[in-house]
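J.: See target.pdb below, with PDB, C-alpha atoms.
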ATOM      1  CA  MET C   6      13.645   3.323   6.723
ATOM      2  CA  ARG C   7      10.742   2.338   4.482
ATOM      3  CA  ARG C   8      11.351  -1.373   5.133
ATOM      4  CA  VAL C   9      11.413  -0.672   8.873
ATOM      5  CA  MET C  10       8.114   1.188   8.614
ATOM      6  CA  LEU C  11       6.575  -1.652   6.629
ATOM      7  CA  GLY C  12       7.773  -4.064   9.299
ATOM      8  CA  VAL C  13       6.240  -1.961  12.042
ATOM      9  CA  PHE C  14       3.100  -1.677   9.975
ATOM     10  CA  ALA C  15       2.845  -5.439   9.625
ATOM     11  CA  ALA C  16       3.523  -5.907  13.320
ATOM     12  CA  VAL C  17       0.635  -3.733  14.435
ATOM     13  CA  GLY C  18      -1.734  -5.443  12.049
ATOM     14  CA  LEU C  19      -2.620  -5.364   8.395
ATOM     15  CA  ALA C  20      -6.293  -5.278   9.327
ATOM     16  CA  GLY C  21      -5.917  -1.613  10.222
ATOM     17  CA  LEU C  22      -4.436  -0.265   7.003
ATOM     18  CA  THR C  23      -5.362   3.295   7.722
ATOM     19  CA  ALA C  24      -3.418   5.696   9.858
ATOM     20  CA  GLY C  25      -5.839   6.155  12.735
ATOM     21  CA  THR C  26      -6.714   2.491  12.930
ATOM     22  CA  THR C  27      -3.044   1.501  12.980
ATOM     23  CA  VAL C  28      -2.349   3.799  15.912
ATOM     24  CA  THR C  29      -5.389   2.510  17.781
ATOM     25  CA  GLN C  30      -4.352  -1.103  17.251
ATOM     26  CA  ALA C  31      -0.830  -0.377  18.436
ATOM     27  CA  GLN C  32      -2.206   1.146  21.630
ATOM     28  CA  HIS C  33      -4.217  -1.975  22.333
ATOM     29  CA  ALA C  34      -1.436  -4.338  21.279
ATOM     30  CA  HIS C  35       1.041  -2.631  23.594
ATOM     31  CA  GLY C  36      -1.213  -2.331  26.594
ATOM     32  CA  GLY C  37      -2.284   1.289  26.119
ATOM     33  CA  ALA C  38      -0.816   3.658  28.701
ATOM     34  CA  GLY C  39       1.647   2.484  31.263
ATOM     35  CA  GLY C  40       5.152   2.954  29.967
ATOM     36  CA  HIS C  41       4.866   1.394  26.535
ATOM     37  CA  ALA C  42       5.454   4.625  24.651
ATOM     38  CA  GLU C  43       7.917   3.056  22.224
ATOM     39  CA  GLY C  44       5.109   1.073  20.617
ATOM     40  CA  HIS C  45       3.015   4.198  20.278
ATOM     41  CA  VAL C  46       5.931   6.152  18.827
ATOM     42  CA  ALA C  47       6.558   3.398  16.288
ATOM     43  CA  ALA C  48       2.864   3.249  15.400
ATOM     44  CA  GLN C  49       2.718   7.030  14.967
ATOM     45  CA  ALA C  50       5.802   6.927  12.736
ATOM     46  CA  CYS C  51       4.117   4.214  10.703
ATOM     47  CA  ALA C  52       0.910   6.263  10.477
ATOM     48  CA  SER C  53       2.896   9.280   9.300
ATOM     49  CA  GLU C  54       4.658   7.168   6.685
ATOM     50  CA  PHE C  55       1.280   5.790   5.570
ATOM     51  CA  GLU C  56      -0.050   9.323   5.068
ATOM     52  CA  LYS C  57       3.031  10.358   3.089
ATOM     53  CA  VAL C  58       3.085   7.275   0.857
ATOM     54  CA  VAL C  59      -0.656   7.129   0.171
ATOM     55  CA  GLY C  60      -0.689  10.878  -0.452
ATOM     56  CA  GLU C  61       1.906  10.303  -3.181
ATOM     57  CA  GLY C  62      -0.319   7.670  -4.793
ATOM     58  CA  ARG C  63       1.718   4.667  -3.699
ATOM     59  CA  GLY C  64       0.078   1.687  -2.065
ATOM     60  CA  PHE C  65       1.870   1.136   1.279
ATOM     61  CA  GLY C  66       1.370  -2.619   1.077
ATOM     62  CA  LEU C  67      -2.216  -2.484  -0.166
ATOM     63  CA  ALA C  68      -1.249  -4.779  -3.051
ATOM     64  CA  PHE C  69       0.847  -7.267  -1.053
ATOM     65  CA  ALA C  70      -1.667 -10.013  -1.838
ATOM     66  CA  ALA C  71      -0.841  -9.562  -5.508
ATOM     67  CA  ASP C  72       2.877  -8.838  -5.263
ATOM     68  CA  GLN C  73       3.649 -11.773  -2.962
ATOM     69  CA  ASN C  74       1.860 -14.155  -5.286
ATOM     70  CA  GLY C  75       3.433 -13.364  -8.632
ATOM     71  CA  TYR C  76       1.582 -10.213  -9.698
ATOM     72  CA  PRO C  77       4.192  -7.426  -9.752
ATOM     73  CA  GLY C  78       3.484  -3.731  -9.659
ATOM     74  CA  PRO C  79       4.743  -1.340 -12.336
ATOM     75  CA  MET C  80       6.808   0.853 -10.009
ATOM     76  CA  HIS C  81       8.834  -2.098  -8.744
ATOM     77  CA  VAL C  82       9.127  -3.570 -12.243
ATOM     78  CA  LEU C  83      10.685  -0.282 -13.344
ATOM     79  CA  GLU C  84      12.985  -0.248 -10.314
ATOM     80  CA  LEU C  85      14.184  -3.706 -11.377
ATOM     81  CA  ARG C  86      14.209  -2.995 -15.138
ATOM     82  CA  ASP C  87      17.908  -3.802 -15.606
ATOM     83  CA  ARG C  88      17.732  -7.060 -13.683
ATOM     84  CA  LEU C  89      14.550  -8.004 -15.562
ATOM     85  CA  LYS C  90      16.083  -6.980 -18.900
ATOM     86  CA  LEU C  91      12.921  -5.170 -19.897
ATOM     87  CA  THR C  92      12.481  -4.413 -23.557
ATOM     88  CA  ALA C  93      11.869  -0.806 -24.563
ATOM     89  CA  ASP C  94       8.215  -1.701 -25.179
ATOM     90  CA  GLN C  95       7.839  -3.366 -21.763
ATOM     91  CA  GLU C  96       9.420  -0.380 -20.050
ATOM     92  CA  ALA C  97       7.167   2.062 -21.903
ATOM     93  CA  LYS C  98       4.058   0.045 -21.013
ATOM     94  CA  ALA C  99       5.128  -0.236 -17.362
ATOM     95  CA  ARG C 100       5.624   3.548 -17.249
ATOM     96  CA  GLU C 101       2.152   4.060 -18.740
ATOM     97  CA  LEU C 102       0.636   1.730 -16.149
ATOM     98  CA  MET C 103       2.463   3.452 -13.316
ATOM     99  CA  HIS C 104       1.411   6.894 -14.521
ATOM    100  CA  ALA C 105      -2.220   5.784 -14.879
ATOM    101  CA  MET C 106      -2.125   4.147 -11.436
ATOM    102  CA  PHE C 107      -0.775   7.295  -9.773
ATOM    103  CA  THR C 108      -3.212   9.510 -11.670
ATOM    104  CA  GLU C 109      -6.093   7.450 -10.328
ATOM    105  CA  SER C 110      -4.730   6.656  -6.874
ATOM    106  CA  ARG C 111      -3.666  10.161  -5.800
ATOM    107  CA  PRO C 112      -7.163  11.669  -5.611
ATOM    108  CA  LYS C 113      -8.530   8.461  -4.103
ATOM    109  CA  GLY C 114      -5.692   8.457  -1.583
ATOM    110  CA  ALA C 115      -6.476  12.068  -0.732
ATOM    111  CA  ARG C 116     -10.101  11.059  -0.070
ATOM    112  CA  LEU C 117      -8.901   8.226   2.174
ATOM    113  CA  LEU C 118      -6.633  10.530   4.148
ATOM    114  CA  GLU C 119      -9.416  13.085   4.530
ATOM    115  CA  ALA C 120     -11.823  10.382   5.698
ATOM    116  CA  GLU C 121      -9.260   9.299   8.306
ATOM    117  CA  ALA C 122      -8.768  12.908   9.388
ATOM    118  CA  LYS C 123     -12.538  13.318   9.733
ATOM    119  CA  LEU C 124     -12.693  10.240  11.950
ATOM    120  CA  ARG C 125      -9.875  11.557  14.145
ATOM    121  CA  ARG C 126     -11.568  14.975  14.366
ATOM    122  CA  LEU C 127     -14.733  13.375  15.752
ATOM    123  CA  PHE C 128     -12.733  12.250  18.740
ATOM    124  CA  ALA C 129     -10.422  15.264  18.951
ATOM    125  CA  GLU C 130     -13.415  17.630  19.007
ATOM    126  CA  ARG C 131     -15.262  15.395  21.490
ATOM    127  CA  VAL C 132     -18.289  15.046  19.203
ATOM    128  CA  ALA C 133     -18.001  11.308  18.562
ATOM    129  CA  ASP C 134     -21.108   9.234  19.059
ATOM    130  CA  ALA C 135     -22.005   5.768  17.766
ATOM    131  CA  ALA C 136     -23.789   6.992  14.632
ATOM    132  CA  ALA C 137     -21.066   9.470  13.670
ATOM    133  CA  VAL C 138     -18.296   6.934  14.267
ATOM    134  CA  ARG C 139     -20.098   4.258  12.236
ATOM    135  CA  ALA C 140     -20.590   6.686   9.350
ATOM    136  CA  ALA C 141     -16.984   7.897   9.484
ATOM    137  CA  VAL C 142     -15.579   4.368   9.587
ATOM    138  CA  ALA C 143     -17.794   3.370   6.643
ATOM    139  CA  GLU C 144     -16.429   6.350   4.714
ATOM    140  CA  VAL C 145     -12.844   5.348   5.544
ATOM    141  CA  GLU C 146     -13.463   1.775   4.432
ATOM    142  CA  ARG C 147     -15.075   2.849   1.135
ATOM    143  CA  ALA C 148     -12.124   5.106   0.402
ATOM    144  CA  LEU C 149      -9.636   2.397   1.397
ATOM    145  CA  THR C 150     -11.355  -0.074  -0.926
ATOM    146  CA  GLU C 151     -11.068   2.336  -3.843
ATOM    147  CA  VAL C 152      -7.359   2.971  -3.266
ATOM    148  CA  ARG C 153      -6.619  -0.709  -2.818
ATOM    149  CA  LEU C 154      -8.486  -1.678  -5.970
ATOM    150  CA  VAL C 155      -6.446   0.767  -8.053
ATOM    151  CA  HIS C 156      -3.255  -0.912  -6.933
ATOM    152  CA  LEU C 157      -4.458  -4.515  -7.126
ATOM    153  CA  LEU C 158      -5.972  -4.091 -10.583
ATOM    154  CA  THR C 159      -2.774  -2.464 -11.835
ATOM    155  CA  HIS C 160      -0.795  -5.452 -10.567
ATOM    156  CA  LEU C 161      -3.063  -7.724 -12.614
ATOM    157  CA  THR C 162      -2.279  -5.800 -15.779
ATOM    158  CA  THR C 163       1.429  -5.450 -15.035
ATOM    159  CA  ARG C 164       1.871  -9.204 -14.687
ATOM    160  CA  ASP C 165       0.874  -9.684 -18.309
ATOM    161  CA  LEU C 166       3.741  -7.432 -19.455
ATOM    162  CA  LEU C 167       6.387  -9.836 -18.213
ATOM    163  CA  THR C 168       7.548 -13.228 -19.365
ATOM    164  CA  GLU C 169       7.445 -16.158 -16.953
ATOM    165  CA  ASP C 170      11.211 -15.856 -16.480
ATOM    166  CA  GLN C 171      10.944 -12.129 -15.734
ATOM    167  CA  ARG C 172       8.202 -12.806 -13.207
ATOM    168  CA  ARG C 173      10.437 -15.375 -11.483
ATOM    169  CA  ILE C 174      13.376 -12.935 -11.376
ATOM    170  CA  TYR C 175      11.102 -10.190 -10.068
ATOM    171  CA  HIS C 176       9.727 -12.410  -7.331
ATOM    172  CA  GLU C 177      13.176 -13.561  -6.221
ATOM    173  CA  ALA C 178      14.391  -9.944  -6.144
ATOM    174  CA  ARG C 179      11.416  -8.734  -4.113
ATOM    175  CA  TRP C 180      10.680 -11.746  -1.908
ATOM    176  CA  GLY C 181      13.874 -13.797  -1.770
ATOM    177  CA  ALA C 182      13.893 -17.500  -2.439
ATOM    178  CA  LEU C 183      10.151 -17.836  -2.048
ATOM    179  CA  ALA C 184       8.618 -19.060  -5.287
ATOM    180  CA  PRO C 185       5.318 -17.475  -6.317
ATOM    181  CA  PRO C 186       2.380 -19.771  -6.976
ATOM    182  CA  ARG C 187       1.699 -20.323 -10.648
TER     183      ARG C 187
END
Mind converting the file's structure to structure tokens?

T.:
Amino acid sequence: MRRVMLGVFAAVGLAGLTAGTTVTQAQHAHGGAGGHAEGHVAAQACASEFEKVVGEGRGFGLAFAADQNGYPGPMHVLELRDRLKLTADQEAKARELMHAMFTESRPKGARLLEAEAKLRRLFAERVADAAAVRAAVAEVERALTEVRLVHLLTHLTTRDLLTEDQRRIYHEARWGALAPPR
């Protein structure tokens, strides 16, 4: 289910990483009203998944730029610990990184979700005007930047825990035969 949601998410556009923006993009991508409800349903499911995942402190693809290019995240390293043959020290350090990442990303994720909710409320309560929308979108983007940075910076640190061979195995497990750039 998660892979399906990530696929839907990618289809409606990575530019709109937040829940409300993703739904809006899906509406435009599928022609708005006029019998294209399946696209809207899929976008809403994706938005709901985004809220759940980000609320838990996970990144929902916010660190794809790192992960796809040879910078693994600690959660996925731990999921693949047997295949990677992590040492006890590597596993302990990956757990520390994951815990620190979640500790920092959960409150920042909560701020992002609240900023998105505030933006939606402007429209739901019919009080949206250009100034309020600009301010709300700026708040969403600031919060999104903070959440994304937590995940990307953690990927930088996690990469250094692994050997070159472990990084190769990780990449093949996560991304198939695609080789990460060195």

J.: Write out as a PyMOL selection string which residues come within 12 Å of range 136-139 of chain C when counting all atoms listed in the file, dropping same-chain ones fewer than 6 positions away.

T.: chain C and resi 120-121+123-128+145-146

J.: Given the file above and the PyMOL selection byres ((chain C and resi 90) around 12), which residues are selected, and can you give them as a list in words?

T.: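 Checking the PyMOL selection byres ((chain C and resi 90) around 12) against this file, the residues are Val82, Leu83, Glu84, Leu85, Arg86, Asp87, Arg88, Leu89, Leu91, Thr92, Ala93, Asp94, Gln95, Glu96, Leu167, Thr168, Asp170, Gln171, Arg172, Ile174 and Tyr175 of chain C.
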
J.: Please provide as a list in words all residues within 8 Å of Gly78 in chain C, with the sequence filter that same-chain residues fewer than 4 positions apart are discarded (counting all atoms listed in the file).

T.: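 Returned residues: Asp72, Val82, His156, Thr159, His160, Thr163 and Arg164 of chain C.
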
J.: When you count all atoms listed in the file, which of these residues is closest to Lys98 in chain C: C:Ala148, C:Leu166, C:Leu118, C:Val132?

T.: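 Result for the nearest residue to Lys98 in chain C: C:Leu166.
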
J.: Need the shell around Leu157 in chain C: protein/DNA/RNA residues with any atom at most 8 Å away, counting only C-alpha atoms. Skip same-chain ones fewer than 5 positions apart. Format as number ranges by chain?

T.: C: 67-68, 71

J.: Please compute the CA of Asp134 in chain C-CA of Glu56 in chain C distance, one decimal, in Å.

T.: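 Straight-line distance from CA of Asp134 in chain C to CA of Glu56 in chain C works out to 25.3 Å.
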
J.: Which residue gives the smallest distance to Arg147 in chain C among C:Leu117, C:Ala105, C:Ala135, C:Cys51, with only C-alpha atoms counted?

T.: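 Going through C:Leu117, C:Ala105, C:Ala135, C:Cys51 one by one, the smallest distance to Arg147 in chain C is for C:Leu117.
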
J.: Please expand the PyMOL selection byres ((chain C and resi 104) around 12) into the concrete residues it hits in this file, giving the result as a ChimeraX atom specification.

T.: /C:61-63,78-80,83,97-103,105-111,155-156,159

J.: Let me have the centre and edge lengths in Å, one decimal, of the box along x, y and z around every listed atom of range 163-181 of chain C with 6 Å of margin on each side, as AutoDock Vina command-line options.

T.:
--center_x 7.6 --center_y -10.8 --center_z -10.6 --size_x 25.5 --size_y 22.7 --size_z 29.7

J.: What's the separation between CA of Phe65 in chain C and CA of Val46 in chain C, in Å to one decimal place?

T.: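 It comes out at 18.7 Å.
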
J.: With N, CA and C atoms as the target, complete range 114-131 of chain C and hand it back as a JSON list (two decimals), in the frame of the given file.

T.:
[["chain", "number", "residue", "atom", "x", "y", "z"],
["C", 114, "GLY", "N", -6.48, 8.44, -2.81],
["C", 114, "GLY", "CA", -5.69, 8.46, -1.58],
["C", 114, "GLY", "C", -5.98, 9.69, -0.76],
["C", 115, "ALA", "N", -6.14, 10.83, -1.44],
["C", 115, "ALA", "CA", -6.48, 12.07, -0.73],
["C", 115, "ALA", "C", -7.83, 11.93, -0.04],
["C", 116, "ARG", "N", -8.79, 11.29, -0.70],
["C", 116, "ARG", "CA", -10.10, 11.06, -0.07],
["C", 116, "ARG", "C", -9.97, 10.14, 1.15],
["C", 117, "LEU", "N", -9.12, 9.12, 1.04],
["C", 117, "LEU", "CA", -8.90, 8.23, 2.17],
["C", 117, "LEU", "C", -8.29, 8.99, 3.35],
["C", 118, "LEU", "N", -7.28, 9.77, 3.07],
["C", 118, "LEU", "CA", -6.63, 10.53, 4.15],
["C", 118, "LEU", "C", -7.58, 11.54, 4.78],
["C", 119, "GLU", "N", -8.44, 12.15, 3.98],
["C", 119, "GLU", "CA", -9.42, 13.08, 4.53],
["C", 119, "GLU", "C", -10.46, 12.35, 5.36],
["C", 120, "ALA", "N", -10.87, 11.17, 4.91],
["C", 120, "ALA", "CA", -11.82, 10.38, 5.70],
["C", 120, "ALA", "C", -11.22, 9.99, 7.05],
["C", 121, "GLU", "N", -9.95, 9.61, 7.04],
["C", 121, "GLU", "CA", -9.26, 9.30, 8.31],
["C", 121, "GLU", "C", -9.18, 10.53, 9.21],
["C", 122, "ALA", "N", -8.86, 11.67, 8.61],
["C", 122, "ALA", "CA", -8.77, 12.91, 9.39],
["C", 122, "ALA", "C", -10.13, 13.26, 10.00],
["C", 123, "LYS", "N", -11.18, 13.05, 9.24],
["C", 123, "LYS", "CA", -12.54, 13.32, 9.73],
["C", 123, "LYS", "C", -12.86, 12.42, 10.93],
["C", 124, "LEU", "N", -12.48, 11.16, 10.83],
["C", 124, "LEU", "CA", -12.69, 10.24, 11.95],
["C", 124, "LEU", "C", -11.92, 10.70, 13.19],
["C", 125, "ARG", "N", -10.67, 11.07, 13.00],
["C", 125, "ARG", "CA", -9.88, 11.56, 14.14],
["C", 125, "ARG", "C", -10.48, 12.82, 14.75],
["C", 126, "ARG", "N", -10.97, 13.72, 13.87],
["C", 126, "ARG", "CA", -11.57, 14.98, 14.37],
["C", 126, "ARG", "C", -12.79, 14.72, 15.24],
["C", 127, "LEU", "N", -13.57, 13.69, 14.92],
["C", 127, "LEU", "CA", -14.73, 13.38, 15.75],
["C", 127, "LEU", "C", -14.31, 13.20, 17.20],
["C", 128, "PHE", "N", -13.22, 12.50, 17.39],
["C", 128, "PHE", "CA", -12.73, 12.25, 18.74],
["C", 128, "PHE", "C", -12.01, 13.46, 19.30],
["C", 129, "ALA", "N", -11.19, 14.10, 18.48],
["C", 129, "ALA", "CA", -10.42, 15.26, 18.95],
["C", 129, "ALA", "C", -11.35, 16.39, 19.39],
["C", 130, "GLU", "N", -12.47, 16.56, 18.69],
["C", 130, "GLU", "CA", -13.42, 17.63, 19.01],
["C", 130, "GLU", "C", -14.48, 17.18, 20.01],
["C", 131, "ARG", "N", -14.34, 15.95, 20.49],
["C", 131, "ARG", "CA", -15.26, 15.40, 21.49],
["C", 131, "ARG", "C", -16.71, 15.39, 21.02]]
